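The structure file run.pdb is reproduced below (PDB, C-alpha atoms and all ligand atoms).
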```pdb
ATOM      1  CA  MET A  60     -22.578  24.219   2.667
ATOM      2  CA  ARG A  61     -19.956  22.431   4.758
ATOM      3  CA  LEU A  62     -22.472  21.454   7.407
ATOM      4  CA  THR A  63     -24.809  19.788   4.921
ATOM      5  CA  LEU A  64     -22.004  17.821   3.235
ATOM      6  CA  LEU A  65     -20.581  16.349   6.442
ATOM      7  CA  PRO A  66     -23.245  13.641   7.063
ATOM      8  CA  LEU A  67     -22.915  12.518   3.446
ATOM      9  CA  LEU A  68     -19.163  12.087   3.805
ATOM     10  CA  LEU A  69     -19.542  10.074   7.022
ATOM     11  CA  PHE A  70     -22.171   7.857   5.425
ATOM     12  CA  SER A  71     -20.075   7.086   2.366
ATOM     13  CA  SER A  72     -17.016   6.126   4.407
ATOM     14  CA  LEU A  73     -19.048   3.751   6.627
ATOM     15  CA  ALA A  74     -20.591   2.140   3.551
ATOM     16  CA  LEU A  75     -17.117   0.921   2.528
ATOM     17  CA  GLY A  76     -17.479  -1.786   5.188
ATOM     18  CA  ASN A  77     -15.772  -1.352   8.491
ATOM     19  CA  THR A  78     -14.032  -4.674   9.023
ATOM     20  CA  LEU A  79     -10.964  -6.177   7.432
ATOM     21  CA  ASN A  80     -11.611  -9.604   5.950
ATOM     22  CA  VAL A  81      -8.647 -11.932   5.682
ATOM     23  CA  THR A  82      -8.010 -15.386   4.328
ATOM     24  CA  VAL A  83      -6.783 -17.685   7.083
ATOM     25  CA  LEU A  84      -4.744 -20.858   6.766
ATOM     26  CA  GLY A  85      -5.951 -22.585   9.890
ATOM     27  CA  ALA A  86      -6.326 -26.151  11.102
ATOM     28  CA  GLN A  87      -9.101 -28.383  12.393
ATOM     29  CA  ASN A  88      -8.888 -32.014  13.451
ATOM     30  CA  ASN A  89      -5.198 -32.086  12.548
ATOM     31  CA  ILE A  90      -5.629 -30.910   8.942
ATOM     32  CA  SER A  91      -5.065 -27.487   7.397
ATOM     33  CA  THR A  92      -8.093 -25.436   6.391
ATOM     34  CA  LEU A  93      -8.829 -22.209   4.530
ATOM     35  CA  GLU A  94     -11.375 -19.783   5.951
ATOM     36  CA  CYS A  95     -12.421 -16.177   5.488
ATOM     37  CA  TRP A  96     -12.447 -14.201   8.742
ATOM     38  CA  ALA A  97     -13.728 -10.729   9.548
ATOM     39  CA  LEU A  98     -11.576  -9.094  12.229
ATOM     40  CA  LEU A  99     -13.623  -7.628  15.064
ATOM     41  CA  SER A 100     -11.431  -4.631  15.755
ATOM     42  CA  GLY A 101     -12.913  -2.687  12.817
ATOM     43  CA  PHE A 102     -11.759   0.422  11.014
ATOM     44  CA  LYS A 103     -11.761   3.723  12.826
ATOM     45  CA  HIS A 104     -10.960   7.222  11.689
ATOM     46  CA  SER A 105      -7.300   7.741  12.431
ATOM     47  CA  SER A 106      -6.425  10.765  14.521
ATOM     48  CA  GLU A 107      -2.665  10.315  14.158
ATOM     49  CA  ALA A 108      -0.593  12.948  12.445
ATOM     50  CA  GLY A 109       0.150  11.882   8.908
ATOM     51  CA  THR A 110      -2.936   9.687   8.510
ATOM     52  CA  ALA A 111      -5.596  11.806  10.265
ATOM     53  CA  GLY A 112      -9.091  11.092   8.939
ATOM     54  CA  SER A 113      -8.090   7.892   7.120
ATOM     55  CA  GLU A 114      -9.579   4.480   7.838
ATOM     56  CA  SER A 115      -7.266   2.643  10.215
ATOM     57  CA  LEU A 116      -7.503  -0.697  12.016
ATOM     58  CA  ASN A 117      -5.524  -1.756  15.080
ATOM     59  CA  LEU A 118      -3.628  -5.042  14.600
ATOM     60  CA  GLY A 119      -2.489  -5.170  18.238
ATOM     61  CA  LYS A 120       1.056  -5.720  19.466
ATOM     62  CA  LEU A 121       2.872  -7.957  17.015
ATOM     63  CA  GLY A 122       6.053  -9.656  18.079
ATOM     64  CA  GLY A 123       9.099 -11.735  17.254
ATOM     65  CA  ASP A 124      11.517 -12.121  14.385
ATOM     66  CA  SER A 125      10.042 -10.832  11.158
ATOM     67  CA  THR A 126      11.263 -11.658   7.682
ATOM     68  CA  TYR A 127      11.189 -10.142   4.213
ATOM     69  CA  THR A 128      11.440 -12.899   1.605
ATOM     70  CA  ILE A 129      11.986 -12.767  -2.155
ATOM     71  CA  LEU A 130      10.697 -15.854  -3.936
ATOM     72  CA  PRO A 131      11.812 -16.305  -7.549
ATOM     73  CA  ALA A 132       9.147 -16.375 -10.284
ATOM     74  CA  GLY A 133       7.689 -19.865 -10.572
ATOM     75  CA  PHE A 134       9.049 -21.013  -7.191
ATOM     76  CA  ASN A 135       7.519 -24.149  -5.694
ATOM     77  CA  GLY A 136       7.408 -24.050  -1.890
ATOM     78  CA  GLY A 137       6.233 -27.672  -1.656
ATOM     79  CA  ARG A 138       4.230 -29.027   1.250
ATOM     80  CA  HIS A 139       4.960 -27.393   4.587
ATOM     81  CA  ASN A 140       3.471 -26.078   7.811
ATOM     82  CA  ALA A 141       3.565 -22.619   9.305
ATOM     83  CA  PRO A 142       6.862 -22.659  11.300
ATOM     84  CA  ALA A 143       6.663 -24.055  14.822
ATOM     85  CA  LEU A 144       5.063 -21.663  17.298
ATOM     86  CA  HIS A 145       5.208 -18.857  14.754
ATOM     87  CA  ILE A 146       1.636 -18.131  13.878
ATOM     88  CA  ARG A 147       1.919 -14.987  11.861
ATOM     89  CA  TRP A 148       0.743 -12.509   9.316
ATOM     90  CA  VAL A 149       2.058 -13.238   5.856
ATOM     91  CA  ILE A 150       1.733 -10.129   3.724
ATOM     92  CA  PHE A 151       2.221 -10.657   0.014
ATOM     93  CA  LEU A 152       3.658  -7.461  -1.417
ATOM     94  CA  SER A 153       4.057  -8.602  -5.027
ATOM     95  CA  GLY A 154       3.587 -11.647  -7.215
ATOM     96  CA  LEU A 155       1.058 -14.403  -6.721
ATOM     97  CA  ALA A 156       0.715 -17.321  -4.299
ATOM     98  CA  HIS A 157      -1.431 -20.384  -4.929
ATOM     99  CA  ILE A 158      -2.215 -22.248  -1.725
ATOM    100  CA  THR A 159      -3.685 -25.745  -1.846
ATOM    101  CA  LEU A 160      -4.411 -28.317   0.831
ATOM    102  CA  PRO A 161      -3.545 -32.021   0.929
ATOM    103  CA  ASN A 162      -6.864 -33.040   2.490
ATOM    104  CA  SER A 163      -9.345 -30.631   0.922
ATOM    105  CA  THR A 164     -10.225 -29.160  -2.457
ATOM    106  CA  ALA A 165     -10.219 -25.590  -1.043
ATOM    107  CA  GLU A 166      -7.573 -23.362  -2.610
ATOM    108  CA  ALA A 167      -6.563 -19.724  -2.393
ATOM    109  CA  TRP A 168      -4.982 -17.423  -4.954
ATOM    110  CA  VAL A 169      -3.384 -14.503  -3.153
ATOM    111  CA  ALA A 170      -2.095 -11.668  -5.285
ATOM    112  CA  GLY A 171       0.530  -9.328  -3.889
ATOM    113  CA  GLY A 172      -0.793  -5.893  -2.954
ATOM    114  CA  LYS A 173      -3.671  -4.373  -1.030
ATOM    115  CA  ASN A 174      -5.447  -7.712  -0.436
ATOM    116  CA  GLY A 175      -2.190  -9.549   0.201
ATOM    117  CA  ALA A 176      -2.423 -10.084   3.987
ATOM    118  CA  ILE A 177      -3.282 -13.570   5.236
ATOM    119  CA  LEU A 178      -2.942 -15.302   8.589
ATOM    120  CA  ALA A 179      -0.905 -18.534   8.613
ATOM    121  CA  LEU A 180      -1.790 -20.596  11.693
ATOM    122  CA  ASP A 181      -1.346 -24.211  10.589
ATOM    123  CA  THR A 182       1.725 -25.083  12.629
ATOM    124  CA  ALA A 183       2.817 -28.753  12.784
ATOM    125  CA  ASP A 184       1.316 -29.210  16.267
ATOM    126  CA  VAL A 185      -2.190 -28.596  14.869
ATOM    127  CA  SER A 186      -1.865 -29.825  11.272
ATOM    128  CA  ALA A 187      -0.170 -33.098  10.385
ATOM    129  CA  PHE A 188       0.247 -32.387   6.665
ATOM    130  CA  GLY A 189       0.315 -28.591   6.305
ATOM    131  CA  HIS A 190      -0.366 -26.973   2.940
ATOM    132  CA  TYR A 191       1.239 -26.488  -0.459
ATOM    133  CA  THR A 192       2.269 -23.133  -1.869
ATOM    134  CA  THR A 193       3.415 -22.358  -5.403
ATOM    135  CA  TYR A 194       4.175 -18.941  -6.881
ATOM    136  CA  PRO A 195       2.982 -19.236 -10.481
ATOM    137  CA  SER A 196       3.494 -15.689 -11.759
ATOM    138  CA  LYS A 197       6.217 -14.289 -13.989
ATOM    139  CA  GLU A 198       7.478 -11.930 -11.313
ATOM    140  CA  GLN A 199       9.085 -12.373  -7.922
ATOM    141  CA  THR A 200       6.734 -12.873  -5.016
ATOM    142  CA  ILE A 201       7.805 -10.751  -2.083
ATOM    143  CA  THR A 202       6.449 -11.496   1.380
ATOM    144  CA  LEU A 203       6.675  -9.826   4.733
ATOM    145  CA  GLU A 204       6.123 -12.231   7.626
ATOM    146  CA  ILE A 205       5.311 -10.846  11.040
ATOM    147  CA  PRO A 206       4.631 -13.166  14.008
ATOM    148  CA  LEU A 207       1.597 -12.467  16.156
ATOM    149  CA  GLY A 208       2.396 -11.186  19.616
ATOM    150  CA  ASN A 209       1.308 -12.443  23.053
ATOM    151  CA  GLU A 210      -2.262 -11.389  22.329
ATOM    152  CA  GLY A 211      -2.340 -14.261  19.838
ATOM    153  CA  ILE A 212      -4.956 -14.736  17.167
ATOM    154  CA  PRO A 213      -6.968 -11.538  16.643
ATOM    155  CA  ALA A 214     -10.642 -11.496  17.673
ATOM    156  CA  HIS A 215     -12.732 -12.409  14.640
ATOM    157  CA  THR A 216     -15.842 -13.999  13.240
ATOM    158  CA  VAL A 217     -15.609 -16.730  10.633
ATOM    159  CA  LEU A 218     -17.467 -15.543   7.527
ATOM    160  CA  HIS A 219     -17.227 -18.892   5.715
ATOM    161  CA  GLY A 220     -14.971 -21.767   4.709
ATOM    162  CA  GLY A 221     -12.623 -21.120   1.778
ATOM    163  CA  PRO A 222     -10.685 -17.920   1.042
ATOM    164  CA  CYS A 223     -12.169 -14.419   1.083
ATOM    165  CA  LYS A 224     -13.178 -13.253  -2.354
ATOM    166  CA  GLY A 225     -14.917 -10.629  -4.463
ATOM    167  CA  GLU A 226     -16.768  -7.975  -2.500
ATOM    168  CA  GLU A 227     -15.247  -9.222   0.779
ATOM    169  CA  LEU A 228     -11.934  -7.720  -0.268
ATOM    170  CA  SER A 229     -11.101  -4.065  -0.736
ATOM    171  CA  ALA A 230     -11.925  -2.852  -4.224
TER     172      ALA A 230
HETATM  173  C1  LIG B   1     -15.916  -7.727   4.813
HETATM  174  O1  LIG B   1     -17.003  -8.606   4.563
HETATM  175  C2  LIG B   1     -18.229  -8.084   5.000
HETATM  176  C3  LIG B   1     -19.252  -9.196   4.854
HETATM  177  O2  LIG B   1     -19.289  -9.695   3.543
HETATM  178  C4  LIG B   1     -18.562  -6.843   4.184
HETATM  179  O3  LIG B   1     -19.765  -6.275   4.637
HETATM  180  C5  LIG B   1     -17.433  -5.823   4.345
HETATM  181  O4  LIG B   1     -17.665  -4.728   3.492
HETATM  182  C6  LIG B   1     -16.103  -6.461   4.000
HETATM  183  N1  LIG B   1     -15.030  -5.497   4.290
HETATM  184  C7  LIG B   1     -14.282  -4.943   3.333
HETATM  185  C8  LIG B   1     -13.220  -3.990   3.797
HETATM  186  O5  LIG B   1     -14.434  -5.184   2.147
HETATM  187  C1  LIG B   2      -4.131 -36.138   4.028
HETATM  188  O1  LIG B   2      -3.066 -35.857   3.135
HETATM  189  C2  LIG B   2      -1.878 -36.580   3.419
HETATM  190  C3  LIG B   2      -0.759 -36.032   2.519
HETATM  191  O2  LIG B   2      -1.106 -36.107   1.167
HETATM  192  C4  LIG B   2      -2.144 -38.079   3.236
HETATM  193  O3  LIG B   2      -0.973 -38.815   3.544
HETATM  194  C5  LIG B   2      -3.280 -38.480   4.178
HETATM  195  O4  LIG B   2      -3.615 -39.838   3.958
HETATM  196  C6  LIG B   2      -4.513 -37.608   3.963
HETATM  197  N1  LIG B   2      -5.518 -37.907   4.996
HETATM  198  C7  LIG B   2      -6.802 -38.092   4.694
HETATM  199  C8  LIG B   2      -7.707 -38.365   5.852
HETATM  200  O5  LIG B   2      -7.227 -38.026   3.560
HETATM  201  C1  LIG B   3      -1.902 -35.628  13.741
HETATM  202  O1  LIG B   3      -1.610 -36.611  12.752
HETATM  203  C2  LIG B   3      -0.296 -37.149  12.863
HETATM  204  C3  LIG B   3      -0.045 -38.048  11.632
HETATM  205  O2  LIG B   3      -1.118 -38.874  11.380
HETATM  206  C4  LIG B   3      -0.179 -37.890  14.196
HETATM  207  O3  LIG B   3       1.141 -38.400  14.328
HETATM  208  C5  LIG B   3      -0.455 -36.883  15.324
HETATM  209  O4  LIG B   3      -0.437 -37.552  16.562
HETATM  210  C6  LIG B   3      -1.801 -36.224  15.131
HETATM  211  N1  LIG B   3      -1.958 -35.167  16.118
HETATM  212  C7  LIG B   3      -3.102 -34.942  16.742
HETATM  213  C8  LIG B   3      -3.103 -33.797  17.715
HETATM  214  O5  LIG B   3      -4.106 -35.633  16.566
END
```
In C-alpha cells, how does this file's structure come out?
Ligand SMILES: *[C@@H]1O[C@H](CO)[C@@H](O)[C@H](O)[C@H]1NC(C)=O
Ligand SMILES: *[C@@H]1O[C@H](CO)[C@@H](O)[C@H](O)[C@H]1NC(C)=O
Ligand SMILES: *[C@@H]1O[C@H](CO)[C@@H](O)[C@H](O)[C@H]1NC(C)=O
Amino acid sequence: MRLTLLPLLLFSSLALGNTLNVTVLGAQNNISTLECWALLSGFKHSSEAGTAGSESLNLGKLGGDSTYTILPAGFNGGRHNAPALHIRWVIFLSGLAHITLPNSTAEAWVAGGKNGAILALDTADVSAFGHYTTYPSKEQTITLEIPLGNEGIPAHTVLHGGPCKGEELSA
C-alpha cells in the first residue's frame, strides 16, 4: 500500500509549481517598473529538523540592517525610491499596499500574508522618480524589510511586465 501511494504523493507536490514568483519593483531607463519574476532556485523538499518534507526554497545569504515597520491604516507613503544601496525584500505581513508608478499605468496591490513578499530594487541611482505607495485598508500594514546580501539580486527569469497575479501566486 505505502509503495503504491508514494509516486502519487511526489507527483502532486511537484504539480504545485516549483518556483516562487514575486512581484518586483525594478527600474529601466531611469524609471521604476513592475515585473513578475520566477526565482530560479526552486522549491526542494526540506530535510531540516522541524520542516522535514516541506517545500522549501533557498533565499541565499541576506544581509544588513532589517526593519519591522507598522504603517497606520490609510497611510500615504507618497513618492519615493527604495533607499540608497538597500535593494531588499519587502515582506508585507498584514494590511494592503497599493503601488503605482509615475511614468507607467502598471500598478500592484499587495496584500499582507503568504503572497506578501516583493523585491524593491528601484533605488534613486537607477530610477529618477521612484514609485508611490499607499496603504488603503482599514488595518495596519506591517512590513518586514530585509536587505539582499552580497549575492545581490536572486537568479530569476522575468515572466512578464506588471505584478504577479492569479495562478502565479500560491493558492
Ligand atoms: C509560478 O509561475 C509559473 C508560471 O506561470 C507556474 O507554473 C508556477 O506554478 C508558479 N509558482 C507558484 C508557487 O505558484
Ligand atoms: C515621469 O514622472 C515624473 C514625476 O511625475 C515627471 O516629472 C516626468 O516628466 C515623467 N517622465 C516622463 C518621460 O513621462
Ligand atoms: C535620471 O533622471 C534624472 C532626472 O531627469 C537625471 O538627473 C539623471 O541624470 C538620470 N540618470 C540616469 C542614469 O540617466
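On the file presented, the PyMOL selection byres (((not hetatm)) within 10 of (chain B and resi 1)) picks out Leu73, Ala74, Leu75, Gly76, Asn77, Thr78, Leu79, Asn80, Val81, Cys95, Trp96, Ala97, Leu98, Gly101, Phe102, Asn174, Leu218, His219, Cys223, Lys224, Gly225, Glu226, Glu227, Leu228, Ser229 and Ala230 of chain A.
The residues returned by the PyMOL selection byres (((not hetatm)) within 9 of (chain B and resi 2)) on the shown structure are Ile90, Arg138, Leu160, Pro161, Asn162, Ser163, Ala187, Phe188 and Gly189 of chain A.
Compared by their closest atoms to Gly175 (chain A), and using all atoms listed in the file, the residues A:Thr193, A:Asn135, A:Ser153, A:Asn117 rank with A:Ser153 nearest.
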For the structure shown, which residues end up in the PyMOL selection byres (((chain A and resi 133) around 6) and not hetatm)? Put them as a PyMOL selection string, please? chain A and resi 132+134+194-195
Given a cut-off of 12 Å, what residues near ligand LIG 3 (chain B) show up using all atoms listed in the file, put as JSON, numbers by chain? {"A": [86, 87, 88, 89, 90, 91, 181, 182, 183, 184, 185, 186, 187, 188, 189]}
For a quick check of understanding, using all atoms listed in the file, which of A:Leu178, A:Thr200, A:Ile158, A:Gly136 has the smallest distance to Thr82 (chain A)?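 Of the candidates, the smallest distance to Thr82 (chain A) is held by A:Leu178.
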What separation in Å, quoted to one decimal, exists between CA of Phe151 (chain A) and CA of Lys173 (chain A)? 8.7 Å
Kindly assemble as CSV a list of the region 160-190 of chain A residues that lie within 12 Å of region 203-212 of chain A, each paired with its nearest atom pair and their distance in Å to one decimal, using only C-alpha atoms, sorted first by chain and then by ascending residue number.
```
residue,atom,partner,partner_atom,distance
A:Gly171,CA,A:Leu203,CA,10.6
A:Gly172,CA,A:Leu203,CA,11.4
A:Gly175,CA,A:Leu203,CA,10.0
A:Ala176,CA,A:Leu203,CA,9.1
A:Ile177,CA,A:Glu204,CA,9.8
A:Leu178,CA,A:Ile212,CA,8.8
A:Ala179,CA,A:Pro206,CA,9.4
A:Leu180,CA,A:Ile212,CA,8.6
```
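Taking CA of Trp148 (chain A) as the reference point, CA of Thr92 (chain A) is found at 15.9 Å.
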Hey, what's within 8 Å of Ala167 (chain A) if we count all atoms listed in the file and toss same-chain stuff fewer than 5 positions away? As a list of chain:residue names, please? A:Leu93, A:Ala156, A:His157, A:Ile158, A:Thr159, A:Gly221, A:Pro222
Point out the residue among A:Leu99, A:Ala165, A:Leu121, A:Leu116 with the least atom-to-atom distance to Ala214 (chain A), counting all atoms listed in the file.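 Of A:Leu99, A:Ala165, A:Leu121, A:Leu116, the one nearest Ala214 (chain A), counting all atoms listed in the file, is A:Leu99.
CA of Gly119 (chain A) lies 20.5 Å from CA of Ala141 (chain A).
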Mind rebuilding region 186-222 of chain A with N, CA and C atoms and writing that out as a PDB file, in the frame of the given file?
```pdb
ATOM      1  N   SER A 186      -1.584 -29.307  12.614  1.00  0.00           N
ATOM      2  CA  SER A 186      -1.865 -29.825  11.272  1.00  0.00           C
ATOM      3  C   SER A 186      -0.781 -30.819  10.877  1.00  0.00           C
ATOM      4  N   ALA A 187      -1.174 -32.077  10.684  1.00  0.00           N
ATOM      5  CA  ALA A 187      -0.170 -33.098  10.385  1.00  0.00           C
ATOM      6  C   ALA A 187       0.496 -32.850   9.034  1.00  0.00           C
ATOM      7  N   PHE A 188      -0.274 -32.384   8.033  1.00  0.00           N
ATOM      8  CA  PHE A 188       0.247 -32.387   6.665  1.00  0.00           C
ATOM      9  C   PHE A 188       0.455 -30.998   6.070  1.00  0.00           C
ATOM     10  N   GLY A 189       0.048 -29.944   6.787  1.00  0.00           N
ATOM     11  CA  GLY A 189       0.315 -28.591   6.305  1.00  0.00           C
ATOM     12  C   GLY A 189      -0.407 -28.264   5.009  1.00  0.00           C
ATOM     13  N   HIS A 190       0.241 -27.450   4.191  1.00  0.00           N
ATOM     14  CA  HIS A 190      -0.366 -26.973   2.940  1.00  0.00           C
ATOM     15  C   HIS A 190       0.718 -26.874   1.878  1.00  0.00           C
ATOM     16  N   TYR A 191       0.295 -26.681   0.645  1.00  0.00           N
ATOM     17  CA  TYR A 191       1.239 -26.488  -0.459  1.00  0.00           C
ATOM     18  C   TYR A 191       1.174 -25.033  -0.903  1.00  0.00           C
ATOM     19  N   THR A 192       2.310 -24.466  -1.251  1.00  0.00           N
ATOM     20  CA  THR A 192       2.269 -23.133  -1.869  1.00  0.00           C
ATOM     21  C   THR A 192       3.158 -23.122  -3.104  1.00  0.00           C
ATOM     22  N   THR A 193       2.608 -22.632  -4.203  1.00  0.00           N
ATOM     23  CA  THR A 193       3.415 -22.358  -5.403  1.00  0.00           C
ATOM     24  C   THR A 193       3.238 -20.883  -5.749  1.00  0.00           C
ATOM     25  N   TYR A 194       4.147 -20.375  -6.558  1.00  0.00           N
ATOM     26  CA  TYR A 194       4.175 -18.941  -6.881  1.00  0.00           C
ATOM     27  C   TYR A 194       4.189 -18.800  -8.402  1.00  0.00           C
ATOM     28  N   PRO A 195       3.021 -19.036  -9.030  1.00  0.00           N
ATOM     29  CA  PRO A 195       2.982 -19.236 -10.481  1.00  0.00           C
ATOM     30  C   PRO A 195       2.900 -17.953 -11.314  1.00  0.00           C
ATOM     31  N   SER A 196       3.521 -16.872 -10.894  1.00  0.00           N
ATOM     32  CA  SER A 196       3.494 -15.689 -11.759  1.00  0.00           C
ATOM     33  C   SER A 196       4.874 -15.486 -12.376  1.00  0.00           C
ATOM     34  N   LYS A 197       4.951 -14.526 -13.286  1.00  0.00           N
ATOM     35  CA  LYS A 197       6.217 -14.289 -13.989  1.00  0.00           C
ATOM     36  C   LYS A 197       7.102 -13.282 -13.253  1.00  0.00           C
ATOM     37  N   GLU A 198       6.635 -12.859 -12.081  1.00  0.00           N
ATOM     38  CA  GLU A 198       7.478 -11.930 -11.313  1.00  0.00           C
ATOM     39  C   GLU A 198       7.821 -12.541  -9.957  1.00  0.00           C
ATOM     40  N   GLN A 199       8.742 -11.939  -9.271  1.00  0.00           N
ATOM     41  CA  GLN A 199       9.085 -12.373  -7.922  1.00  0.00           C
ATOM     42  C   GLN A 199       7.879 -12.181  -7.008  1.00  0.00           C
ATOM     43  N   THR A 200       7.726 -13.085  -6.063  1.00  0.00           N
ATOM     44  CA  THR A 200       6.734 -12.873  -5.016  1.00  0.00           C
ATOM     45  C   THR A 200       7.496 -12.430  -3.770  1.00  0.00           C
ATOM     46  N   ILE A 201       7.136 -11.276  -3.267  1.00  0.00           N
ATOM     47  CA  ILE A 201       7.805 -10.751  -2.083  1.00  0.00           C
ATOM     48  C   ILE A 201       6.835 -10.815  -0.912  1.00  0.00           C
ATOM     49  N   THR A 202       7.308 -11.391   0.199  1.00  0.00           N
ATOM     50  CA  THR A 202       6.449 -11.496   1.380  1.00  0.00           C
ATOM     51  C   THR A 202       7.112 -10.844   2.585  1.00  0.00           C
ATOM     52  N   LEU A 203       6.257 -10.347   3.445  1.00  0.00           N
ATOM     53  CA  LEU A 203       6.675  -9.826   4.733  1.00  0.00           C
ATOM     54  C   LEU A 203       5.962 -10.681   5.763  1.00  0.00           C
ATOM     55  N   GLU A 204       6.717 -11.318   6.652  1.00  0.00           N
ATOM     56  CA  GLU A 204       6.123 -12.231   7.626  1.00  0.00           C
ATOM     57  C   GLU A 204       6.343 -11.686   9.023  1.00  0.00           C
ATOM     58  N   ILE A 205       5.241 -11.477   9.715  1.00  0.00           N
ATOM     59  CA  ILE A 205       5.311 -10.846  11.040  1.00  0.00           C
ATOM     60  C   ILE A 205       4.572 -11.725  12.050  1.00  0.00           C
ATOM     61  N   PRO A 206       5.295 -12.311  13.022  1.00  0.00           N
ATOM     62  CA  PRO A 206       4.631 -13.166  14.008  1.00  0.00           C
ATOM     63  C   PRO A 206       3.608 -12.388  14.837  1.00  0.00           C
ATOM     64  N   LEU A 207       2.551 -13.078  15.240  1.00  0.00           N
ATOM     65  CA  LEU A 207       1.597 -12.467  16.156  1.00  0.00           C
ATOM     66  C   LEU A 207       2.265 -12.324  17.519  1.00  0.00           C
ATOM     67  N   GLY A 208       1.814 -11.400  18.292  1.00  0.00           N
ATOM     68  CA  GLY A 208       2.396 -11.186  19.616  1.00  0.00           C
ATOM     69  C   GLY A 208       1.691 -12.031  20.669  1.00  0.00           C
ATOM     70  N   ASN A 209       1.894 -11.678  21.944  1.00  0.00           N
ATOM     71  CA  ASN A 209       1.308 -12.443  23.053  1.00  0.00           C
ATOM     72  C   ASN A 209      -0.212 -12.435  23.044  1.00  0.00           C
ATOM     73  N   GLU A 210      -0.795 -11.435  22.397  1.00  0.00           N
ATOM     74  CA  GLU A 210      -2.262 -11.389  22.329  1.00  0.00           C
ATOM     75  C   GLU A 210      -2.807 -12.512  21.451  1.00  0.00           C
ATOM     76  N   GLY A 211      -1.938 -13.108  20.638  1.00  0.00           N
ATOM     77  CA  GLY A 211      -2.340 -14.261  19.838  1.00  0.00           C
ATOM     78  C   GLY A 211      -3.251 -13.910  18.683  1.00  0.00           C
ATOM     79  N   ILE A 212      -4.089 -14.868  18.342  1.00  0.00           N
ATOM     80  CA  ILE A 212      -4.956 -14.736  17.167  1.00  0.00           C
ATOM     81  C   ILE A 212      -5.953 -13.598  17.395  1.00  0.00           C
ATOM     82  N   PRO A 213      -6.068 -12.678  16.446  1.00  0.00           N
ATOM     83  CA  PRO A 213      -6.968 -11.538  16.643  1.00  0.00           C
ATOM     84  C   PRO A 213      -8.440 -11.966  16.748  1.00  0.00           C
ATOM     85  N   ALA A 214      -9.209 -11.229  17.537  1.00  0.00           N
ATOM     86  CA  ALA A 214     -10.642 -11.496  17.673  1.00  0.00           C
ATOM     87  C   ALA A 214     -11.295 -11.396  16.297  1.00  0.00           C
ATOM     88  N   HIS A 215     -12.201 -12.325  16.007  1.00  0.00           N
ATOM     89  CA  HIS A 215     -12.732 -12.409  14.640  1.00  0.00           C
ATOM     90  C   HIS A 215     -14.057 -13.152  14.631  1.00  0.00           C
ATOM     91  N   THR A 216     -14.763 -13.057  13.525  1.00  0.00           N
ATOM     92  CA  THR A 216     -15.842 -13.999  13.240  1.00  0.00           C
ATOM     93  C   THR A 216     -15.481 -14.709  11.947  1.00  0.00           C
ATOM     94  N   VAL A 217     -15.864 -15.966  11.850  1.00  0.00           N
ATOM     95  CA  VAL A 217     -15.609 -16.730  10.633  1.00  0.00           C
ATOM     96  C   VAL A 217     -16.751 -16.428   9.663  1.00  0.00           C
ATOM     97  N   LEU A 218     -16.417 -15.843   8.513  1.00  0.00           N
ATOM     98  CA  LEU A 218     -17.467 -15.543   7.527  1.00  0.00           C
ATOM     99  C   LEU A 218     -17.889 -16.815   6.800  1.00  0.00           C
ATOM    100  N   HIS A 219     -16.908 -17.633   6.416  1.00  0.00           N
ATOM    101  CA  HIS A 219     -17.227 -18.892   5.715  1.00  0.00           C
ATOM    102  C   HIS A 219     -15.945 -19.682   5.501  1.00  0.00           C
ATOM    103  N   GLY A 220     -16.107 -20.958   5.109  1.00  0.00           N
ATOM    104  CA  GLY A 220     -14.971 -21.767   4.709  1.00  0.00           C
ATOM    105  C   GLY A 220     -14.479 -21.309   3.339  1.00  0.00           C
ATOM    106  N   GLY A 221     -13.214 -21.565   3.049  1.00  0.00           N
ATOM    107  CA  GLY A 221     -12.623 -21.120   1.778  1.00  0.00           C
ATOM    108  C   GLY A 221     -12.106 -19.697   1.910  1.00  0.00           C
ATOM    109  N   PRO A 222     -11.304 -19.249   0.943  1.00  0.00           N
ATOM    110  CA  PRO A 222     -10.685 -17.920   1.042  1.00  0.00           C
ATOM    111  C   PRO A 222     -11.702 -16.788   0.868  1.00  0.00           C
TER     112      PRO A 222
END
```
